[in-house]
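Enquirer: Structure below; questions to follow.
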Amino acid sequence: HFYIPEPQVSKYAITGHESQVISMELQPGESIQGEPGTMMYLSHGIKQHVSCEGFMGRCCSGEACYVVNYTNESDDSKPAYAALTPNYPTAKVIPVDMSSPNVNGCLIAQQGAYMASYGNVDIAISLDCNFCRCCCAGLGMVRQKLSGDGTAFLAATGTIVQKVLEPGETILVDTNCVLAFAETCKLDLRRAGGILGMVGGGEGIFNTTLTGPGLVIVQSMNEIMFKEALAADKMYRR
């Protein structure tokens with residue numbers, strides 16, 4: 001079945017169709033973390049603090065070495081607001097509840113997918129040492145690993161589809177379209193048909209398979225494809 005995230009009541013709102021903005025309500029003492037350059041506006045009482053905690057995992061998984069913490073340090077009991085937006089054009093914001101049983105506290109994502117987080121979310125790396133998968137499955141050898149029980153916000157381009165796979169259920173995905181999946185899912189490869197299919201089918205030699213149980217998130221156009229399309233002055237799906 002398709003996955004519809006359930007945000008915490010009145011905690012955050014995502015607005016816009018393209019270049020989306022996430023607005024987070026922060027009670028005194030609460031904070032949200034974000035990538036450098038994602039801040040859009042901050043209300044009175046929000047203070048910024050830059051830290052490099054966990055920089056090795058961040059740098060190796062496609063993120064900046066630093067993370068910015070936006071904390072409500074106001075003296076009164078009123079909430080304050082922080083609005084963040086992805087730092088590249090037309091991007092969508094995808095909330096993922098890490099405590100959901102469909103995620104089970106651990107998410108594998110493409111490099112650079114993380115944008116922000118609220119609560120306990122750690123960023124590290126996940127290594128895929130299978131030669132065929134790391135070369136042809138679309139995520140490479142070094143992948144981003146998000147773990148914790150907070151809410152992670154991913155940034156991606158194109159149209160986003162989220163689906164929860166049942167145990168043993170398999171979905172076939174274009175290698176360029178895999179954004180993230182729960183660690184409980186199995187990533188593998190499948191040939192894109194016979195010789196004619198691999199040469200003329202437009203999908204290359206392999207497609208990616210994801211087998212449940214767990215959440216998978218796919219996108220119609222990744223950031224690299226989007227930049228290549230802009231550089232070539234044309235828009236295409238693949």
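The chains in the structure tokens are called A, B, ... from first to last as shown; in each chain the residues are counted from 1, and the ligands are counted from 1 in the order shown.
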Sorted by chain and rising residue number, which residues of region 146-184 of chain A lie within 12 Å of region 110-134 of chain A, and what are their closest atom pairs and distances in Å to one decimal, counting only C-alpha atoms, as JSON lines?
Expert:
```
{"residue": "A:Leu146", "atom": "CA", "partner": "A:Ile123", "partner_atom": "CA", "distance": 4.9}
{"residue": "A:Ser147", "atom": "CA", "partner": "A:Asp122", "partner_atom": "CA", "distance": 5.2}
{"residue": "A:Gly148", "atom": "CA", "partner": "A:Val121", "partner_atom": "CA", "distance": 4.6}
{"residue": "A:Asp149", "atom": "CA", "partner": "A:Asn120", "partner_atom": "CA", "distance": 5.6}
{"residue": "A:Gly150", "atom": "CA", "partner": "A:Gly119", "partner_atom": "CA", "distance": 4.3}
{"residue": "A:Thr151", "atom": "CA", "partner": "A:Tyr118", "partner_atom": "CA", "distance": 5.2}
{"residue": "A:Ala152", "atom": "CA", "partner": "A:Ser117", "partner_atom": "CA", "distance": 4.4}
{"residue": "A:Phe153", "atom": "CA", "partner": "A:Ala116", "partner_atom": "CA", "distance": 5.1}
{"residue": "A:Leu154", "atom": "CA", "partner": "A:Tyr114", "partner_atom": "CA", "distance": 4.7}
{"residue": "A:Ala155", "atom": "CA", "partner": "A:Ala113", "partner_atom": "CA", "distance": 5.5}
{"residue": "A:Ala156", "atom": "CA", "partner": "A:Ala113", "partner_atom": "CA", "distance": 6.7}
{"residue": "A:Thr157", "atom": "CA", "partner": "A:Ala113", "partner_atom": "CA", "distance": 10.2}
{"residue": "A:Thr175", "atom": "CA", "partner": "A:Arg133", "partner_atom": "CA", "distance": 10.2}
{"residue": "A:Asn176", "atom": "CA", "partner": "A:Gln110", "partner_atom": "CA", "distance": 10.2}
{"residue": "A:Cys177", "atom": "CA", "partner": "A:Gln110", "partner_atom": "CA", "distance": 10.0}
{"residue": "A:Val178", "atom": "CA", "partner": "A:Gln110", "partner_atom": "CA", "distance": 7.5}
{"residue": "A:Leu179", "atom": "CA", "partner": "A:Gln110", "partner_atom": "CA", "distance": 5.6}
{"residue": "A:Ala180", "atom": "CA", "partner": "A:Gln110", "partner_atom": "CA", "distance": 6.3}
{"residue": "A:Phe181", "atom": "CA", "partner": "A:Gln110", "partner_atom": "CA", "distance": 9.4}
{"residue": "A:Glu183", "atom": "CA", "partner": "A:Ser126", "partner_atom": "CA", "distance": 9.9}
```
Enquirer: Do you know which residues are at most 6 Å from region 61-75 of chain A counting only C-alpha atoms, after dropping those on the same chain fewer than 6 positions away, and could you put them as a PyMOL selection string?
Expert: chain A and resi 28-35+45-52+55+111-112+125+143-144
Enquirer: Can you write just those residues out, N, CA and C atoms, as a CSV table (one decimal), in the first residue's frame?
Expert:
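Saved file out_37.csv follows:
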```csv
chain,number,residue,atom,x,y,z
A,28,PRO,N,9.8,26.6,23.7
A,28,PRO,CA,11.1,27.0,24.3
A,28,PRO,C,12.0,25.7,24.7
A,29,GLY,N,13.2,25.8,24.2
A,29,GLY,CA,14.2,24.7,24.4
A,29,GLY,C,14.2,23.7,23.3
A,30,GLU,N,13.2,23.7,22.4
A,30,GLU,CA,13.2,22.7,21.3
A,30,GLU,C,14.1,23.3,20.2
A,31,SER,N,14.6,22.4,19.3
A,31,SER,CA,15.4,22.8,18.2
A,31,SER,C,15.2,21.8,17.0
A,32,ILE,N,15.6,22.3,15.8
A,32,ILE,CA,15.5,21.6,14.6
A,32,ILE,C,16.9,21.7,14.0
A,33,GLN,N,17.4,20.7,13.4
A,33,GLN,CA,18.7,20.7,12.7
A,33,GLN,C,18.5,20.8,11.2
A,34,GLY,N,19.4,21.5,10.5
A,34,GLY,CA,19.3,21.6,9.1
A,34,GLY,C,20.6,21.8,8.4
A,35,GLU,N,20.7,21.5,7.1
A,35,GLU,CA,21.9,21.7,6.3
A,35,GLU,C,22.2,23.2,6.3
A,45,GLY,N,13.4,34.9,18.8
A,45,GLY,CA,13.7,33.9,19.9
A,45,GLY,C,14.5,32.7,19.4
A,46,ILE,N,14.5,32.6,18.0
A,46,ILE,CA,15.3,31.4,17.5
A,46,ILE,C,16.7,31.8,17.3
A,47,LYS,N,17.6,31.0,17.9
A,47,LYS,CA,19.1,31.3,17.8
A,47,LYS,C,19.7,30.1,17.0
A,48,GLN,N,20.8,30.5,16.2
A,48,GLN,CA,21.5,29.6,15.4
A,48,GLN,C,22.8,29.2,16.0
A,49,HIS,N,23.1,27.9,16.0
A,49,HIS,CA,24.3,27.4,16.5
A,49,HIS,C,24.9,26.3,15.5
A,50,VAL,N,26.1,26.5,15.1
A,50,VAL,CA,26.7,25.6,14.1
A,50,VAL,C,27.6,24.6,14.9
A,51,SER,N,27.5,23.3,14.5
A,51,SER,CA,28.3,22.3,15.2
A,51,SER,C,28.8,21.3,14.1
A,52,CYS,N,29.9,20.6,14.4
A,52,CYS,CA,30.4,19.7,13.5
A,52,CYS,C,30.4,18.2,14.0
A,55,PHE,N,30.9,14.7,12.0
A,55,PHE,CA,31.2,15.3,10.6
A,55,PHE,C,31.7,14.2,9.7
A,111,GLN,N,23.2,9.6,-1.4
A,111,GLN,CA,24.0,10.6,-0.9
A,111,GLN,C,23.4,12.0,-1.0
A,112,GLY,N,23.4,12.8,0.1
A,112,GLY,CA,22.9,14.1,0.0
A,112,GLY,C,21.4,14.3,0.2
A,125,ILE,N,27.1,6.4,7.5
A,125,ILE,CA,27.2,5.9,6.2
A,125,ILE,C,26.9,4.4,6.2
A,143,ARG,N,26.5,4.9,0.9
A,143,ARG,CA,25.1,5.4,1.0
A,143,ARG,C,24.9,6.1,2.3
A,144,GLN,N,23.9,6.9,2.3
A,144,GLN,CA,23.5,7.6,3.6
A,144,GLN,C,22.7,6.8,4.4
```
Enquirer: My list of candidates is A:Thr211, A:Lys186, A:Cys135, A:Ala192. Which is closest to Thr170 (chain A) when distances are computed with only C-alpha atoms?
Expert: A:Thr211
Enquirer: List the neighbours of Met40 (chain A) out to 12 Å using only C-alpha atoms; skip same-chain residues closer than 3 positions along the sequence, and give me the result as a VMD selection string.
Expert: chain A and resid 19 to 24 34 to 37 43 70 81 to 87
Enquirer: For a quick check of understanding, using only C-alpha atoms, which of A:Met56, A:Met225, A:Ile108, A:Leu172 has the smallest distance to Asp188 (chain A)?
Expert: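 Among the listed residues, A:Leu172 lies closest to Asp188 (chain A).
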Enquirer: Give me, please, the distance in Å between CA of Arg190 (chain A) and CA of Leu139 (chain A), quoted to one decimal.
Expert: 15.1 Å
Enquirer: Taking the chain letters and numbering used in this document, name the residues of region 55-99 of chain A that DSSP puts in strand (DSSP E or B), as a PyMOL selection string.
Expert: chain A and resi 67-72+80-84+92-97
Enquirer: So what do you get for CA of Asp76 (chain A) versus CA of Asp97 (chain A), distance-wise?
Expert: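 Between these atoms lies a distance of 29.3 Å.
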Enquirer: Figure out the distance between CA of His17 (chain A) and CA of Val173 (chain A), please, to one decimal in Å.
Expert: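 Here the two named atoms are 23.9 Å from each other.
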Enquirer: Assign secondary structure with DSSP using the backbone only, and return the residues of chain A in alpha helix (DSSP H) as an mmCIF file with N, CA, C and O atoms, in the first residue's frame.
Expert:
```cif
data_model
loop_
_atom_site.group_PDB
_atom_site.id
_atom_site.type_symbol
_atom_site.label_atom_id
_atom_site.label_comp_id
_atom_site.auth_asym_id
_atom_site.auth_seq_id
_atom_site.Cartn_x
_atom_site.Cartn_y
_atom_site.Cartn_z
ATOM 1 N N PHE A 55 30.881 14.746 11.953
ATOM 2 C CA PHE A 55 31.220 15.278 10.629
ATOM 3 C C PHE A 55 31.735 14.202 9.674
ATOM 4 O O PHE A 55 31.558 14.302 8.459
ATOM 5 N N MET A 56 32.379 13.152 10.195
ATOM 6 C CA MET A 56 32.902 12.115 9.309
ATOM 7 C C MET A 56 31.778 11.419 8.552
ATOM 8 O O MET A 56 31.828 11.272 7.323
ATOM 9 N N GLY A 57 30.754 11.003 9.292
ATOM 10 C CA GLY A 57 29.626 10.348 8.643
ATOM 11 C C GLY A 57 28.891 11.284 7.708
ATOM 12 O O GLY A 57 28.433 10.881 6.632
ATOM 13 N N ARG A 58 28.784 12.551 8.091
ATOM 14 C CA ARG A 58 28.097 13.524 7.256
ATOM 15 C C ARG A 58 28.851 13.745 5.954
ATOM 16 O O ARG A 58 28.270 13.728 4.869
ATOM 17 N N CYS A 59 30.149 13.990 6.046
ATOM 18 C CA CYS A 59 30.939 14.285 4.850
ATOM 19 C C CYS A 59 30.971 13.101 3.889
ATOM 20 O O CYS A 59 30.871 13.264 2.675
ATOM 21 N N CYS A 60 31.108 11.894 4.431
ATOM 22 C CA CYS A 60 31.202 10.703 3.581
ATOM 23 C C CYS A 60 29.864 10.336 2.951
ATOM 24 O O CYS A 60 29.827 9.581 1.974
ATOM 25 N N PHE A 131 29.928 -5.702 -5.726
ATOM 26 C CA PHE A 131 30.431 -4.967 -6.880
ATOM 27 C C PHE A 131 29.318 -4.596 -7.847
ATOM 28 O O PHE A 131 29.234 -3.453 -8.317
ATOM 29 N N CYS A 132 28.432 -5.546 -8.163
ATOM 30 C CA CYS A 132 27.367 -5.276 -9.132
ATOM 31 C C CYS A 132 26.391 -4.232 -8.610
ATOM 32 O O CYS A 132 26.000 -3.304 -9.324
ATOM 33 N N ARG A 133 25.989 -4.374 -7.340
ATOM 34 C CA ARG A 133 25.020 -3.427 -6.782
ATOM 35 C C ARG A 133 25.599 -2.026 -6.677
ATOM 36 O O ARG A 133 24.931 -1.042 -6.999
ATOM 37 N N CYS A 134 26.830 -1.902 -6.180
ATOM 38 C CA CYS A 134 27.374 -0.558 -5.979
ATOM 39 C C CYS A 134 27.647 0.143 -7.309
ATOM 40 O O CYS A 134 27.650 1.371 -7.376
ATOM 41 N N CYS A 135 27.846 -0.617 -8.388
ATOM 42 C CA CYS A 135 28.091 -0.006 -9.693
ATOM 43 C C CYS A 135 26.804 0.251 -10.476
ATOM 44 O O CYS A 135 26.735 1.205 -11.259
ATOM 45 N N CYS A 136 25.783 -0.592 -10.275
ATOM 46 C CA CYS A 136 24.638 -0.574 -11.177
ATOM 47 C C CYS A 136 23.278 -0.352 -10.517
ATOM 48 O O CYS A 136 22.274 -0.222 -11.224
ATOM 49 N N ILE A 195 18.736 -9.037 -24.885
ATOM 50 C CA ILE A 195 19.729 -8.176 -25.520
ATOM 51 C C ILE A 195 19.079 -6.919 -26.097
ATOM 52 O O ILE A 195 19.539 -5.793 -25.881
ATOM 53 N N LEU A 196 17.988 -7.100 -26.834
ATOM 54 C CA LEU A 196 17.307 -5.946 -27.416
ATOM 55 C C LEU A 196 16.748 -5.030 -26.340
ATOM 56 O O LEU A 196 16.787 -3.801 -26.470
ATOM 57 N N GLY A 197 16.216 -5.623 -25.278
ATOM 58 C CA GLY A 197 15.675 -4.814 -24.186
ATOM 59 C C GLY A 197 16.749 -3.992 -23.497
ATOM 60 O O GLY A 197 16.532 -2.831 -23.155
ATOM 61 N N MET A 198 17.915 -4.590 -23.295
ATOM 62 C CA MET A 198 19.007 -3.861 -22.626
ATOM 63 C C MET A 198 19.597 -2.783 -23.528
ATOM 64 O O MET A 198 20.031 -1.731 -23.051
ATOM 65 N N VAL A 199 19.611 -3.030 -24.833
ATOM 66 C CA VAL A 199 20.209 -2.059 -25.762
ATOM 67 C C VAL A 199 19.221 -0.962 -26.145
ATOM 68 O O VAL A 199 19.572 0.227 -26.186
ATOM 69 N N GLY A 200 17.971 -1.341 -26.393
ATOM 70 C CA GLY A 200 17.028 -0.368 -26.928
ATOM 71 C C GLY A 200 15.853 -0.037 -26.042
ATOM 72 O O GLY A 200 14.975 0.737 -26.436
ATOM 73 N N GLU A 223 18.504 14.614 -8.693
ATOM 74 C CA GLU A 223 19.160 15.914 -8.833
ATOM 75 C C GLU A 223 20.156 15.924 -9.980
ATOM 76 O O GLU A 223 20.268 16.913 -10.722
ATOM 77 N N ILE A 224 20.891 14.837 -10.167
ATOM 78 C CA ILE A 224 21.884 14.777 -11.241
ATOM 79 C C ILE A 224 21.206 14.854 -12.606
ATOM 80 O O ILE A 224 21.636 15.603 -13.496
ATOM 81 N N MET A 225 20.128 14.090 -12.783
ATOM 82 C CA MET A 225 19.385 14.145 -14.040
ATOM 83 C C MET A 225 18.817 15.527 -14.296
ATOM 84 O O MET A 225 18.819 16.019 -15.428
ATOM 85 N N PHE A 226 18.349 16.178 -13.236
ATOM 86 C CA PHE A 226 17.786 17.525 -13.376
ATOM 87 C C PHE A 226 18.850 18.521 -13.835
ATOM 88 O O PHE A 226 18.625 19.324 -14.742
ATOM 89 N N LYS A 227 20.029 18.449 -13.211
ATOM 90 C CA LYS A 227 21.116 19.363 -13.595
ATOM 91 C C LYS A 227 21.586 19.098 -15.023
ATOM 92 O O LYS A 227 21.890 20.035 -15.769
ATOM 93 N N GLU A 228 21.650 17.818 -15.410
ATOM 94 C CA GLU A 228 22.059 17.489 -16.776
ATOM 95 C C GLU A 228 21.051 18.000 -17.786
ATOM 96 O O GLU A 228 21.409 18.479 -18.861
ATOM 97 N N ALA A 229 19.762 17.917 -17.431
ATOM 98 C CA ALA A 229 18.720 18.413 -18.321
ATOM 99 C C ALA A 229 18.818 19.930 -18.483
ATOM 100 O O ALA A 229 18.653 20.459 -19.583
ATOM 101 N N LEU A 230 19.090 20.636 -17.393
ATOM 102 C CA LEU A 230 19.242 22.094 -17.477
ATOM 103 C C LEU A 230 20.474 22.463 -18.296
ATOM 104 O O LEU A 230 20.445 23.402 -19.096
ATOM 105 N N ALA A 231 21.571 21.714 -18.095
ATOM 106 C CA ALA A 231 22.802 22.011 -18.828
ATOM 107 C C ALA A 231 22.615 21.774 -20.328
ATOM 108 O O ALA A 231 23.189 22.483 -21.157
#
```
